[in-house]
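Asker: What follows is the file structure_30.cif, containing mmCIF, C-alpha atoms and all ligand atoms:
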```cif
data_coords
loop_
_atom_site.label_atom_id
_atom_site.label_comp_id
_atom_site.auth_asym_id
_atom_site.auth_seq_id
_atom_site.Cartn_x
_atom_site.Cartn_y
_atom_site.Cartn_z
CA MET P 1364 168.79 72.93 -95.03
CA ALA P 1365 169.65 73.95 -91.47
CA THR P 1366 167.50 71.33 -89.78
CA THR P 1367 170.20 68.71 -89.75
CA PRO P 1368 169.21 65.03 -90.18
CA GLU P 1369 170.56 64.47 -86.64
CA LEU P 1370 168.34 67.21 -85.19
CA LYS P 1371 165.33 65.92 -87.09
CA GLU P 1372 165.93 62.38 -85.91
CA GLN P 1373 166.40 63.64 -82.35
CA ALA P 1374 163.13 65.60 -82.60
CA GLU P 1375 161.22 62.55 -83.77
CA LYS P 1376 162.69 60.39 -81.03
CA THR P 1377 162.63 62.80 -78.11
CA GLU P 1378 159.73 62.61 -75.75
CA ASN P 1379 160.16 66.27 -74.83
CA PRO P 1380 160.62 68.17 -78.08
CA ALA P 1381 160.49 71.54 -76.26
CA ASP P 1382 163.93 70.63 -74.83
CA LEU P 1383 165.42 71.28 -78.27
CA ALA P 1384 164.69 75.00 -77.91
CA GLY P 1385 167.37 75.13 -75.20
CA THR P 1386 166.86 76.68 -71.80
CA LEU P 1387 166.68 80.09 -70.24
CA LEU P 1388 167.04 81.22 -66.63
CA VAL P 1389 164.09 83.33 -65.54
CA GLY P 1390 165.28 85.32 -62.55
CA SER P 1391 168.28 83.72 -60.99
CA GLU P 1392 166.63 80.39 -60.32
CA LEU P 1393 163.97 79.19 -62.73
CA GLU P 1394 165.37 77.20 -65.64
CA VAL P 1395 162.75 76.75 -68.36
CA HIS P 1396 162.69 75.47 -71.92
CA ARG P 1397 162.58 78.37 -74.33
CA LEU P 1398 159.30 77.28 -75.87
CA GLY P 1399 156.42 77.76 -73.46
CA PHE P 1400 152.64 77.69 -73.67
CA GLY P 1401 150.19 80.59 -73.59
CA ALA P 1402 146.99 79.62 -71.81
CA MET P 1403 144.75 82.45 -73.05
CA ARG P 1404 143.15 80.44 -75.84
CA ILE P 1405 141.78 77.67 -73.63
CA THR P 1406 138.82 79.80 -72.49
CA GLY P 1407 135.54 80.58 -74.27
CA ASP P 1408 135.23 82.80 -77.36
CA GLY P 1409 136.47 86.35 -76.87
CA ILE P 1410 138.62 85.03 -73.97
CA TRP P 1411 135.38 84.95 -72.03
CA GLY P 1412 133.82 82.17 -69.98
CA HIS P 1413 134.40 78.46 -70.18
CA PRO P 1414 135.67 76.67 -73.29
CA LYS P 1415 133.21 74.59 -75.30
CA ASP P 1416 135.15 71.47 -74.34
CA PRO P 1417 136.82 71.86 -70.91
CA ASP P 1418 138.16 68.32 -71.07
CA LEU P 1419 140.01 69.14 -74.29
CA ALA P 1420 141.41 72.31 -72.69
CA ARG P 1421 142.77 70.24 -69.79
CA ARG P 1422 144.27 67.72 -72.22
CA VAL P 1423 145.96 70.52 -74.17
CA LEU P 1424 147.61 71.70 -70.95
CA GLN P 1425 148.68 68.18 -69.99
CA ARG P 1426 150.07 67.55 -73.47
CA ALA P 1427 152.01 70.84 -73.39
CA VAL P 1428 153.76 69.73 -70.22
CA ALA P 1429 154.31 66.21 -71.57
CA LEU P 1430 156.01 67.73 -74.62
CA GLY P 1431 158.45 69.55 -72.35
CA ALA P 1432 156.87 73.01 -72.22
CA ASN P 1433 157.55 73.94 -68.60
CA PHE P 1434 156.65 77.63 -68.72
CA ILE P 1435 152.93 78.41 -68.83
CA ASP P 1436 151.64 81.94 -69.20
CA THR P 1437 148.19 82.89 -67.94
CA ALA P 1438 146.30 85.80 -66.30
CA ASP P 1439 143.44 86.28 -63.86
CA SER P 1440 141.54 87.99 -66.68
CA TYR P 1441 141.56 85.02 -69.09
CA GLY P 1442 137.97 83.87 -68.73
CA PRO P 1443 138.19 85.68 -66.26
CA TYR P 1444 139.60 83.07 -63.85
CA VAL P 1445 138.86 80.15 -66.19
CA SER P 1446 142.41 79.72 -67.52
CA GLU P 1447 143.93 79.62 -64.03
CA GLU P 1448 141.27 77.20 -62.79
CA LEU P 1449 141.81 74.85 -65.73
CA ILE P 1450 145.59 74.92 -65.16
CA ALA P 1451 145.11 73.81 -61.55
CA GLU P 1452 142.55 71.15 -62.49
CA ALA P 1453 144.75 69.73 -65.25
CA LEU P 1454 148.19 69.96 -63.73
CA THR P 1455 148.07 69.60 -59.94
CA PRO P 1456 150.09 68.17 -58.35
CA TYR P 1457 152.41 70.36 -60.38
CA PRO P 1458 155.66 68.88 -61.75
CA PRO P 1459 158.55 70.38 -59.75
CA ASP P 1460 160.09 72.10 -62.78
CA LEU P 1461 156.86 73.75 -64.00
CA VAL P 1462 156.84 77.55 -63.88
CA ILE P 1463 153.48 79.30 -63.99
CA ALA P 1464 153.54 82.99 -64.82
CA THR P 1465 150.28 84.80 -64.21
CA LYS P 1466 149.27 88.45 -64.44
CA GLY P 1467 147.00 91.01 -62.84
CA GLY P 1468 145.98 94.61 -63.32
CA TRP P 1469 143.90 94.34 -66.47
CA ASP P 1470 140.36 93.13 -65.95
CA ARG P 1471 137.91 91.46 -68.27
CA PRO P 1472 134.38 92.82 -67.76
CA GLY P 1473 132.95 91.11 -70.89
CA PRO P 1474 133.90 89.31 -74.12
CA ASN P 1475 136.78 91.14 -75.87
CA GLN P 1476 136.66 93.98 -73.31
CA TRP P 1477 139.50 95.11 -71.06
CA THR P 1478 139.64 97.63 -68.22
CA HIS P 1479 142.69 98.88 -66.35
CA ASN P 1480 142.78 98.06 -62.65
CA ALA P 1481 146.29 98.14 -61.21
CA SER P 1482 145.79 99.95 -57.91
CA PRO P 1483 147.74 98.42 -55.01
CA LYS P 1484 144.44 97.43 -53.36
CA HIS P 1485 143.19 95.63 -56.44
CA LEU P 1486 146.56 93.99 -57.14
CA ARG P 1487 146.51 92.50 -53.64
CA GLU P 1488 143.05 91.01 -54.29
CA ALA P 1489 144.26 89.79 -57.69
CA VAL P 1490 147.34 88.04 -56.27
CA GLU P 1491 145.27 86.42 -53.50
CA GLY P 1492 142.74 85.23 -56.10
CA SER P 1493 145.43 83.79 -58.39
CA LEU P 1494 147.08 81.98 -55.48
CA ARG P 1495 143.74 80.42 -54.58
CA ARG P 1496 142.75 79.42 -58.13
CA LEU P 1497 146.19 78.10 -59.03
CA ARG P 1498 146.36 76.29 -55.65
CA LEU P 1499 149.82 77.68 -54.97
CA ASP P 1500 151.51 79.03 -51.84
CA ARG P 1501 153.68 81.28 -53.98
CA ILE P 1502 153.44 82.38 -57.62
CA ASP P 1503 156.74 81.92 -59.46
CA VAL P 1504 156.38 84.85 -61.86
CA TYR P 1505 153.78 87.60 -61.36
CA GLN P 1506 153.41 90.10 -64.18
CA LEU P 1507 151.82 93.53 -64.07
CA HIS P 1508 149.52 92.97 -67.08
CA ILE P 1509 149.70 96.57 -68.27
CA PRO P 1510 150.44 99.90 -66.55
CA ASP P 1511 147.25 101.63 -65.39
CA PRO P 1512 147.07 105.28 -66.53
CA ALA P 1513 145.09 106.14 -63.39
CA VAL P 1514 147.75 104.76 -61.03
CA SER P 1515 151.45 105.63 -60.95
CA LEU P 1516 153.61 102.81 -62.26
CA GLU P 1517 155.68 103.12 -59.09
CA ALA P 1518 152.63 102.47 -56.90
CA SER P 1519 151.71 99.30 -58.85
CA VAL P 1520 155.28 97.98 -58.85
CA GLU P 1521 155.83 98.82 -55.17
CA ALA P 1522 152.74 96.74 -54.39
CA LEU P 1523 154.23 93.78 -56.30
CA ALA P 1524 157.55 94.24 -54.47
CA GLN P 1525 155.61 94.14 -51.20
CA PHE P 1526 153.89 90.84 -52.18
CA GLN P 1527 157.32 89.46 -53.02
CA ALA P 1528 158.60 90.48 -49.58
CA GLU P 1529 155.56 88.72 -48.06
CA GLY P 1530 156.44 85.52 -49.96
CA LYS P 1531 153.31 85.53 -52.11
CA ILE P 1532 155.25 85.88 -55.35
CA ARG P 1533 158.75 84.78 -56.22
CA PHE P 1534 159.63 87.13 -59.08
CA VAL P 1535 158.12 90.36 -60.40
CA ALA P 1536 157.63 90.90 -64.13
CA LEU P 1537 156.02 93.39 -66.52
CA SER P 1538 153.88 93.31 -69.63
CA ASN P 1539 153.00 95.86 -72.29
CA VAL P 1540 155.68 98.31 -71.28
CA ALA P 1541 158.16 100.67 -72.92
CA MET P 1542 161.82 100.86 -71.94
CA ASP P 1543 161.51 103.86 -69.61
CA GLN P 1544 158.80 102.03 -67.68
CA ILE P 1545 161.04 98.97 -67.30
CA GLU P 1546 163.83 101.20 -66.03
CA ARG P 1547 161.53 102.93 -63.53
CA ALA P 1548 160.28 99.56 -62.27
CA ARG P 1549 163.82 98.18 -61.93
CA LYS P 1550 164.65 101.00 -59.52
CA ILE P 1551 162.06 99.46 -57.17
CA VAL P 1552 162.51 95.71 -57.62
CA PRO P 1553 164.37 93.32 -59.98
CA ILE P 1554 162.28 92.62 -63.08
CA VAL P 1555 162.76 89.09 -64.45
CA SER P 1556 160.71 89.22 -67.65
CA VAL P 1557 158.93 91.55 -70.02
CA GLN P 1558 155.98 90.42 -72.13
CA ASN P 1559 155.15 92.57 -75.16
CA ARG P 1560 153.55 91.91 -78.56
CA TYR P 1561 156.29 90.72 -80.92
CA SER P 1562 156.95 88.46 -83.87
CA PHE P 1563 159.22 88.48 -86.91
CA ALA P 1564 156.52 90.53 -88.67
CA ASP P 1565 155.71 92.84 -85.78
CA ARG P 1566 158.86 94.40 -84.42
CA GLU P 1567 157.75 97.59 -82.75
CA TRP P 1568 159.44 96.39 -79.56
CA ASP P 1569 162.76 95.42 -81.13
CA TYR P 1570 164.62 97.88 -78.94
CA VAL P 1571 163.02 96.42 -75.81
CA VAL P 1572 164.22 92.96 -76.86
CA ASP P 1573 167.75 94.39 -77.18
CA TYR P 1574 167.43 96.09 -73.79
CA CYS P 1575 166.26 92.83 -72.18
CA GLU P 1576 169.12 90.88 -73.74
CA LEU P 1577 171.63 93.42 -72.45
CA ASN P 1578 170.17 93.25 -68.95
CA GLY P 1579 169.52 89.50 -68.61
CA ILE P 1580 165.73 89.89 -68.61
CA ALA P 1581 163.59 87.22 -70.35
CA PHE P 1582 161.49 88.60 -73.22
CA ILE P 1583 158.13 86.85 -73.70
CA PRO P 1584 156.61 87.74 -77.07
CA TRP P 1585 152.84 87.60 -77.11
CA HIS P 1586 151.08 86.98 -80.42
CA PRO P 1587 154.29 85.22 -81.54
CA LEU P 1588 152.64 83.54 -84.55
CA SER P 1589 151.50 86.71 -86.25
CA SER P 1590 152.69 87.21 -89.81
CA SER P 1591 152.02 89.64 -92.63
CA ARG P 1592 150.65 89.14 -96.13
CA ILE P 1593 153.91 90.30 -97.63
CA ALA P 1594 155.88 87.67 -95.69
CA ASN P 1595 153.64 84.69 -96.35
CA LEU P 1596 155.31 83.52 -99.56
CA LEU P 1597 158.73 83.70 -97.96
CA LEU P 1598 157.51 81.82 -94.88
CA GLU P 1599 156.06 79.13 -97.10
CA ARG P 1600 159.27 78.78 -99.12
CA ILE P 1601 161.42 78.45 -95.99
CA ALA P 1602 158.94 76.06 -94.41
CA LYS P 1603 159.03 73.86 -97.51
CA ASN P 1604 162.84 73.75 -97.42
CA HIS P 1605 162.72 72.32 -93.93
CA GLN P 1606 159.57 70.22 -94.27
CA LYS P 1607 158.06 72.34 -91.55
CA THR P 1608 155.09 74.73 -91.45
CA PRO P 1609 155.02 78.54 -91.73
CA LYS P 1610 154.00 78.84 -88.05
CA GLN P 1611 157.03 76.78 -87.09
CA VAL P 1612 159.25 79.08 -89.16
CA ALA P 1613 157.82 82.13 -87.36
CA LEU P 1614 158.65 80.53 -84.00
CA ALA P 1615 162.14 79.50 -85.18
CA TRP P 1616 162.83 83.13 -86.14
CA LEU P 1617 161.99 84.20 -82.58
CA LEU P 1618 164.20 81.52 -81.04
CA LYS P 1619 167.11 82.67 -83.20
CA ARG P 1620 166.44 86.37 -82.53
CA SER P 1621 167.81 86.29 -78.98
CA PRO P 1622 168.78 83.77 -76.28
CA ILE P 1623 166.46 85.61 -73.86
CA MET P 1624 163.41 85.03 -76.12
CA LEU P 1625 160.71 82.81 -74.60
CA PRO P 1626 157.78 82.40 -77.03
CA ILE P 1627 154.43 81.28 -75.61
CA PRO P 1628 152.29 80.32 -78.62
CA GLY P 1629 148.68 79.81 -77.55
CA THR P 1630 146.23 77.27 -78.85
CA SER P 1631 143.11 75.35 -77.93
CA SER P 1632 144.08 72.44 -80.19
CA ILE P 1633 146.35 69.48 -79.49
CA GLU P 1634 147.32 69.32 -83.15
CA HIS P 1635 148.43 72.96 -83.21
CA LEU P 1636 150.22 72.52 -79.90
CA GLU P 1637 152.25 69.59 -81.27
CA GLU P 1638 153.08 71.62 -84.36
CA ASN P 1639 154.18 74.63 -82.32
CA VAL P 1640 156.35 72.71 -79.88
CA HIS P 1641 158.08 70.84 -82.71
CA ALA P 1642 159.30 74.22 -84.00
CA ALA P 1643 162.02 73.81 -81.36
CA SER P 1644 163.97 71.50 -83.68
CA LEU P 1645 164.04 73.97 -86.58
CA ARG P 1646 167.26 75.93 -87.08
CA LEU P 1647 167.02 78.67 -89.68
CA THR P 1648 170.12 79.48 -91.72
CA ASP P 1649 171.56 82.96 -91.29
CA GLU P 1650 170.30 83.75 -94.79
CA GLU P 1651 166.73 82.66 -94.02
CA TYR P 1652 166.80 84.57 -90.78
CA GLY P 1653 168.07 87.67 -92.59
CA ASP P 1654 165.42 87.38 -95.33
CA LEU P 1655 162.63 87.19 -92.74
CA THR P 1656 164.13 90.04 -90.76
CA SER P 1657 164.34 92.31 -93.77
CA VAL P 1658 160.69 91.90 -94.78
CA SER P 1659 159.68 93.19 -91.38
CA GLN P 1660 161.71 96.27 -90.54
CA PRO P 1661 160.77 97.91 -87.23
CA PRO P 1662 159.13 101.35 -87.43
CA SER P 1663 161.76 103.76 -88.78
CA SER P 1664 161.56 106.08 -85.77
CA LEU P 1665 162.80 103.24 -83.57
CA ARG P 1666 165.50 101.88 -85.85
CA ASP P 1667 168.55 103.96 -84.99
N1 LIG V 1 150.39 90.29 -72.15
C1 LIG V 1 149.39 90.48 -72.95
O1 LIG V 1 148.80 91.56 -73.00
C2 LIG V 1 148.94 89.36 -73.84
C3 LIG V 1 148.05 89.58 -74.90
C4 LIG V 1 147.70 88.51 -75.71
C5 LIG V 1 148.22 87.25 -75.45
N2 LIG V 1 149.04 87.04 -74.39
C6 LIG V 1 149.65 85.71 -74.09
O2 LIG V 1 150.37 85.30 -75.25
C7 LIG V 1 149.91 84.01 -75.67
C8 LIG V 1 150.03 83.92 -77.17
O3 LIG V 1 149.36 85.01 -77.80
P1 LIG V 1 148.10 84.84 -78.76
O4 LIG V 1 147.34 83.63 -78.34
O5 LIG V 1 147.40 86.13 -78.81
O6 LIG V 1 148.77 84.66 -80.17
P2 LIG V 1 149.45 83.45 -80.97
O7 LIG V 1 149.96 82.43 -80.04
O8 LIG V 1 150.41 84.09 -81.91
O9 LIG V 1 148.25 82.89 -81.84
C9 LIG V 1 147.19 82.16 -81.30
C10 LIG V 1 146.17 81.96 -82.42
O10 LIG V 1 146.76 81.18 -83.46
C11 LIG V 1 146.07 79.94 -83.59
N3 LIG V 1 147.13 78.90 -83.68
C12 LIG V 1 147.99 78.51 -82.72
N4 LIG V 1 148.83 77.58 -83.21
C13 LIG V 1 148.49 77.38 -84.50
C14 LIG V 1 149.00 76.55 -85.52
N5 LIG V 1 150.03 75.74 -85.31
N6 LIG V 1 148.38 76.60 -86.75
C15 LIG V 1 147.35 77.43 -86.98
N7 LIG V 1 146.83 78.25 -86.04
C16 LIG V 1 147.40 78.23 -84.80
C17 LIG V 1 145.23 79.78 -82.36
O11 LIG V 1 144.01 79.16 -82.69
P3 LIG V 1 143.70 77.63 -82.25
O12 LIG V 1 143.22 77.70 -80.85
O13 LIG V 1 142.65 77.23 -83.22
O14 LIG V 1 144.97 76.87 -82.43
C18 LIG V 1 144.97 81.22 -81.96
O15 LIG V 1 143.87 81.75 -82.66
C19 LIG V 1 148.48 83.95 -75.12
O16 LIG V 1 148.03 82.62 -74.98
C20 LIG V 1 148.62 84.64 -73.80
O17 LIG V 1 149.15 83.73 -72.83
C21 LIG V 1 149.43 88.08 -73.59
#
```
Represent the supplied structure as C-alpha cells.
Ligand SMILES: NC(=O)c1ccc[n+]([C@@H]2O[C@H](COP(=O)([O-])OP(=O)(O)OC[C@H]3O[C@@H](n4cnc5c(N)ncnc54)[C@H](OP(=O)(O)O)[C@@H]3O)[C@@H](O)[C@H]2O)c1
Answerer:
Amino acid sequence: MATTPELKEQAEKTENPADLAGTLLVGSELEVHRLGFGAMRITGDGIWGHPKDPDLARRVLQRAVALGANFIDTADSYGPYVSEELIAEALTPYPPDLVIATKGGWDRPGPNQWTHNASPKHLREAVEGSLRRLRLDRIDVYQLHIPDPAVSLEASVEALAQFQAEGKIRFVALSNVAMDQIERARKIVPIVSVQNRYSFADREWDYVVDYCELNGIAFIPWHPLSSSRIANLLLERIAKNHQKTPKQVALAWLLKRSPIMLPIPGTSSIEHLEENVHAASLRLTDEEYGDLTSVSQPPSSLRD
C-alpha cells in the first residue's frame, strides 16, 4: 500500500487535507494547493438558475476553503451568474490566499445550452460583470472559456491582455484549446493555465498536459472524476487496497500524472467534497498508476 500509515495519520489529523496534494505556482505569484474546487455544480439543474438549497451551496464553498482548497474555478455562465454570486456571498471577506479563477466567452442562454460569445466587446462586459459579482477589484485568473469560431483567437486574447494592462485581471488563461491555439495566445500574453477535459480515462489532451508541463503552465482538468466501464473494476481494486474510494483513486492518478496538474472536482454535496479533498493523501504505487494509465490509452493519432 502506498498510502503510508504516517500519511494516513497526517490526513486524519490535518485540518487542511488539501495541503497534502502539495502546491503549485499559478503564474509567477499565486501558490495554491493542487486540489481545488469546481463551482459549476452549485447552481440549479442543467447549470441553470439557483440551487434548490442556496444555504447548502454556500456551506459547500465554505467547507472547501476550510479543508484547504484555495483555488476555486467558476464562470459567468454557471447559472448564469449564480455561481459567482454564491462565491461572494459565502466567502467575502476572502481569505488572502484564496485564488478565484473565472471565465467568460461562452454564454448560457438556457438549461444545458451554450453559445459562443468571445468578441472583445462582450469580453469587456463579461469581465466587468464578474468583477462586480465576485466583489473584486481584480480577478486573479481570467480564462477565455472557449475560442469563438466567429472571432479570431487573437482578437479575444488581445482583449484579455488589454484588461490585464488595465489592472482588471491579474493573469490570463485559456480553456478548451488545442496546442496551436495556446502557442498563438502566448505570442500575445503569458498564459498561466489551460483548462481542458481530462481524467485517467479520458486522455485526448495528453499532449497538451505534456506541453503545459514543459512550459510551466498549470493544467486544470475539467470533468476530473470521469471513468470508464472498463476501468471500474480496477479502480475498485486499487481503492480497496488503500481503503479509499474509486473517485479518490481517479483524483490520485491526476495528481501523480504531472506536478502542474490542478484538479477541480465539482460537487453540490459536503460529503462528496470531503471525499474528494481527502484524495490528496492517497499516493498510488507506480504499478497502480501504470495499470490505470494502460486501460486508458489516448487516441492513437495523438500518441506518437
Ligand atoms: N472549462 C470548461 O469548459 C468546463 C466544463 C465543465 C466543467 N468545468 C469545471 O470543472 C469542474 C469539474 O467538472 P465537472 O463538475 O463537470 O466534473 P466532475 O468534477 O468530474 O464531476 C462532478 C459530478 O460528479 C459528482 N461527484 C462529485 N464528487 C463525487 C463523489 N465523491 N462521489 C460521487 N459523485 C461525485 C457530482 O455530483 P454531486 O453534486 O452529487 O456530488 C457531479 O455530478 C466544474 O465544477 C467546473 O468548475 C469546466
Asker: Around ligand LIG 1 (chain V), out to 6 Å and counting all atoms listed in the file, which residues are there? I want them as number ranges by chain.
Answerer: P: 1401-1404, 1436-1437, 1508, 1538, 1558, 1585-1589, 1610, 1627-1632, 1635, 1638-1639
Asker: Nearest residue to Thr1465 in chain P out of P:Gly1431, P:Gly1492, P:Pro1483, P:Pro1584, using only C-alpha atoms?
Answerer: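 Nearest to Thr1465 in chain P: P:Gly1492.
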Asker: Kindly compute an axis-aligned box around the listed atoms of range 1437-1449 of chain P, allowing 4 Å on each side, and express its centre and edge lengths in Å to one decimal as lines of an AutoDock Vina configuration file.
Answerer:
```
center_x = 143.1
center_y = 81.4
center_z = -65.9
size_x = 18.2
size_y = 21.1
size_z = 14.3
```
Asker: Compare P:Ala1438, P:Leu1655, P:Ala1643, P:Leu1388 by their minimum atom-to-atom distance to Trp1469 in chain P, counting only C-alpha atoms, and give me the closest one.
Answerer: P:Ala1438
Asker: For CA of Asp1654 in chain P and CA of Pro1609 in chain P, quote the distance in Å rounded to one decimal.
Answerer: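 Between CA of Asp1654 in chain P and CA of Pro1609 in chain P the gap is 14.1 Å.
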Asker: For Ala1613 in chain P, which of P:Ile1633, P:Ala1564, P:Leu1499, P:Ile1450 is the closest residue, counting only C-alpha atoms?
Answerer: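 Using only C-alpha atoms, Ala1613 in chain P sits closest to P:Ala1564.
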Asker: Within 10 Å of (162.2, 102.0, -58.2), all atoms listed in the file: residues as a PyMOL selection string?
Answerer: chain P and resi 1516-1518+1520-1521+1524+1545-1553
Asker: Between P:Ala1384, P:Gln1476, P:Glu1651, P:Ala1642, which has the minimum distance to Asp1408 in chain P (counting only C-alpha atoms)?
Answerer: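 Among P:Ala1384, P:Gln1476, P:Glu1651, P:Ala1642, it is P:Gln1476 that comes nearest to Asp1408 in chain P.
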Asker: Which residue gives the smallest distance to Val1423 in chain P among P:Leu1454, P:Ala1536, P:Leu1398, P:Ile1410, with only C-alpha atoms counted?
Answerer: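 So, comparing all the options, the nearest one is P:Leu1454.
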Asker: Show which residues sit within 9 Å of Tyr1652 in chain P, as a list in words. Count only C-alpha atoms, and ignore same-chain residues fewer than 5 positions away.
Answerer: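 Contacts, with the query itself left out: Ala1615, Trp1616, Lys1619, Arg1620, Leu1647 and Ser1657 of chain P.
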Asker: Give me the residues near Ala1481 in chain P as a ChimeraX atom specification, where near means some atom within 10 Å (using all atoms listed in the file) and where sequence neighbours in that chain fewer than 6 positions away do not count.
Answerer: /P:1467-1470,1487,1489,1507-1516,1518-1520,1522
Asker: Can you pull out every residue within 7 Å of Lys1531 in chain P, counting only C-alpha atoms, but drop anything in the same chain fewer than 2 positions away, and send it as a ChimeraX atom specification?
Answerer: /P:1500-1502,1526-1527,1529,1533
Asker: From the options P:Leu1596, P:Leu1617, P:Ile1463, P:Ala1528, which residue's atoms come nearest to Val1389 in chain P, counting all atoms listed in the file?
Answerer: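 Going through P:Leu1596, P:Leu1617, P:Ile1463, P:Ala1528 one by one, the smallest distance to Val1389 in chain P is for P:Ile1463.
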Asker: For CA of Leu1577 in chain P and CA of Leu1387 in chain P, determine how far apart the two atoms are, in Å to one decimal place.
Answerer: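 So the two atoms, CA of Leu1577 in chain P and CA of Leu1387 in chain P, lie 14.4 Å apart.
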Asker: Interatomic distance between CA of Pro1474 in chain P and CA of Gly1412 in chain P?
Answerer: 8.3 Å
Asker: Show which residues sit within 12 Å of Val1557 in chain P, as number ranges by chain. Count all atoms listed in the file, and ignore same-chain residues fewer than 2 positions away.
Answerer: P: 1389-1390, 1464, 1466, 1504-1509, 1534-1542, 1544-1546, 1548-1549, 1553-1555, 1559-1561, 1568, 1571-1576, 1578-1585, 1623-1626
Asker: Would you save range 1417-1474 of chain P from the block above with C-alpha atoms, as a PDB file, in the first residue's frame?
Answerer:
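Once written, out_29.pdb looks like this:
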```
ATOM      1  CA  PRO P1417     -28.577  28.024  -1.620  1.00  0.00           C
ATOM      2  CA  ASP P1418     -27.544  27.761   2.011  1.00  0.00           C
ATOM      3  CA  LEU P1419     -26.072  24.309   1.364  1.00  0.00           C
ATOM      4  CA  ALA P1420     -24.235  25.669  -1.699  1.00  0.00           C
ATOM      5  CA  ARG P1421     -22.679  28.401   0.455  1.00  0.00           C
ATOM      6  CA  ARG P1422     -21.704  25.844   3.099  1.00  0.00           C
ATOM      7  CA  VAL P1423     -20.064  23.644   0.459  1.00  0.00           C
ATOM      8  CA  LEU P1424     -17.930  26.612  -0.619  1.00  0.00           C
ATOM      9  CA  GLN P1425     -17.021  27.482   2.967  1.00  0.00           C
ATOM     10  CA  ARG P1426     -16.142  23.868   3.736  1.00  0.00           C
ATOM     11  CA  ALA P1427     -13.963  23.636   0.605  1.00  0.00           C
ATOM     12  CA  VAL P1428     -11.910  26.582   1.825  1.00  0.00           C
ATOM     13  CA  ALA P1429     -11.807  25.228   5.386  1.00  0.00           C
ATOM     14  CA  LEU P1430     -10.405  21.961   4.028  1.00  0.00           C
ATOM     15  CA  GLY P1431      -7.557  23.869   2.392  1.00  0.00           C
ATOM     16  CA  ALA P1432      -8.840  24.136  -1.186  1.00  0.00           C
ATOM     17  CA  ASN P1433      -7.626  27.623  -2.086  1.00  0.00           C
ATOM     18  CA  PHE P1434      -8.246  27.554  -5.840  1.00  0.00           C
ATOM     19  CA  ILE P1435     -11.885  27.909  -6.903  1.00  0.00           C
ATOM     20  CA  ASP P1436     -12.930  27.646 -10.526  1.00  0.00           C
ATOM     21  CA  THR P1437     -16.112  29.318 -11.752  1.00  0.00           C
ATOM     22  CA  ALA P1438     -17.540  31.132 -14.815  1.00  0.00           C
ATOM     23  CA  ASP P1439     -20.020  33.911 -15.530  1.00  0.00           C
ATOM     24  CA  SER P1440     -22.132  31.331 -17.360  1.00  0.00           C
ATOM     25  CA  TYR P1441     -22.652  28.986 -14.385  1.00  0.00           C
ATOM     26  CA  GLY P1442     -26.236  29.826 -13.523  1.00  0.00           C
ATOM     27  CA  PRO P1443     -25.567  32.214 -15.333  1.00  0.00           C
ATOM     28  CA  TYR P1444     -24.057  34.470 -12.636  1.00  0.00           C
ATOM     29  CA  VAL P1445     -25.316  32.293  -9.762  1.00  0.00           C
ATOM     30  CA  SER P1446     -22.018  30.528  -9.043  1.00  0.00           C
ATOM     31  CA  GLU P1447     -20.065  33.805  -8.857  1.00  0.00           C
ATOM     32  CA  GLU P1448     -22.728  35.410  -6.660  1.00  0.00           C
ATOM     33  CA  LEU P1449     -22.748  32.468  -4.248  1.00  0.00           C
ATOM     34  CA  ILE P1450     -18.933  32.551  -4.033  1.00  0.00           C
ATOM     35  CA  ALA P1451     -19.027  36.213  -2.987  1.00  0.00           C
ATOM     36  CA  GLU P1452     -21.883  35.651  -0.531  1.00  0.00           C
ATOM     37  CA  ALA P1453     -20.176  32.656   1.075  1.00  0.00           C
ATOM     38  CA  LEU P1454     -16.558  33.723   1.108  1.00  0.00           C
ATOM     39  CA  THR P1455     -16.215  37.506   1.426  1.00  0.00           C
ATOM     40  CA  PRO P1456     -14.122  38.849   3.003  1.00  0.00           C
ATOM     41  CA  TYR P1457     -11.921  36.492   1.017  1.00  0.00           C
ATOM     42  CA  PRO P1458      -9.005  34.755   2.759  1.00  0.00           C
ATOM     43  CA  PRO P1459      -5.773  36.335   1.467  1.00  0.00           C
ATOM     44  CA  ASP P1460      -4.509  33.103  -0.096  1.00  0.00           C
ATOM     45  CA  LEU P1461      -7.732  32.274  -1.990  1.00  0.00           C
ATOM     46  CA  VAL P1462      -7.443  32.333  -5.774  1.00  0.00           C
ATOM     47  CA  ILE P1463     -10.650  32.626  -7.786  1.00  0.00           C
ATOM     48  CA  ALA P1464     -10.411  31.724 -11.453  1.00  0.00           C
ATOM     49  CA  THR P1465     -13.416  32.716 -13.515  1.00  0.00           C
ATOM     50  CA  LYS P1466     -14.165  32.554 -17.237  1.00  0.00           C
ATOM     51  CA  GLY P1467     -16.005  34.388 -19.973  1.00  0.00           C
ATOM     52  CA  GLY P1468     -16.802  33.982 -23.639  1.00  0.00           C
ATOM     53  CA  TRP P1469     -19.286  31.120 -23.515  1.00  0.00           C
ATOM     54  CA  ASP P1470     -22.811  32.119 -22.584  1.00  0.00           C
ATOM     55  CA  ARG P1471     -25.656  30.153 -21.094  1.00  0.00           C
ATOM     56  CA  PRO P1472     -28.981  31.087 -22.732  1.00  0.00           C
ATOM     57  CA  GLY P1473     -30.926  28.200 -21.114  1.00  0.00           C
ATOM     58  CA  PRO P1474     -30.541  24.905 -19.224  1.00  0.00           C
TER      59      PRO P1474
END
```
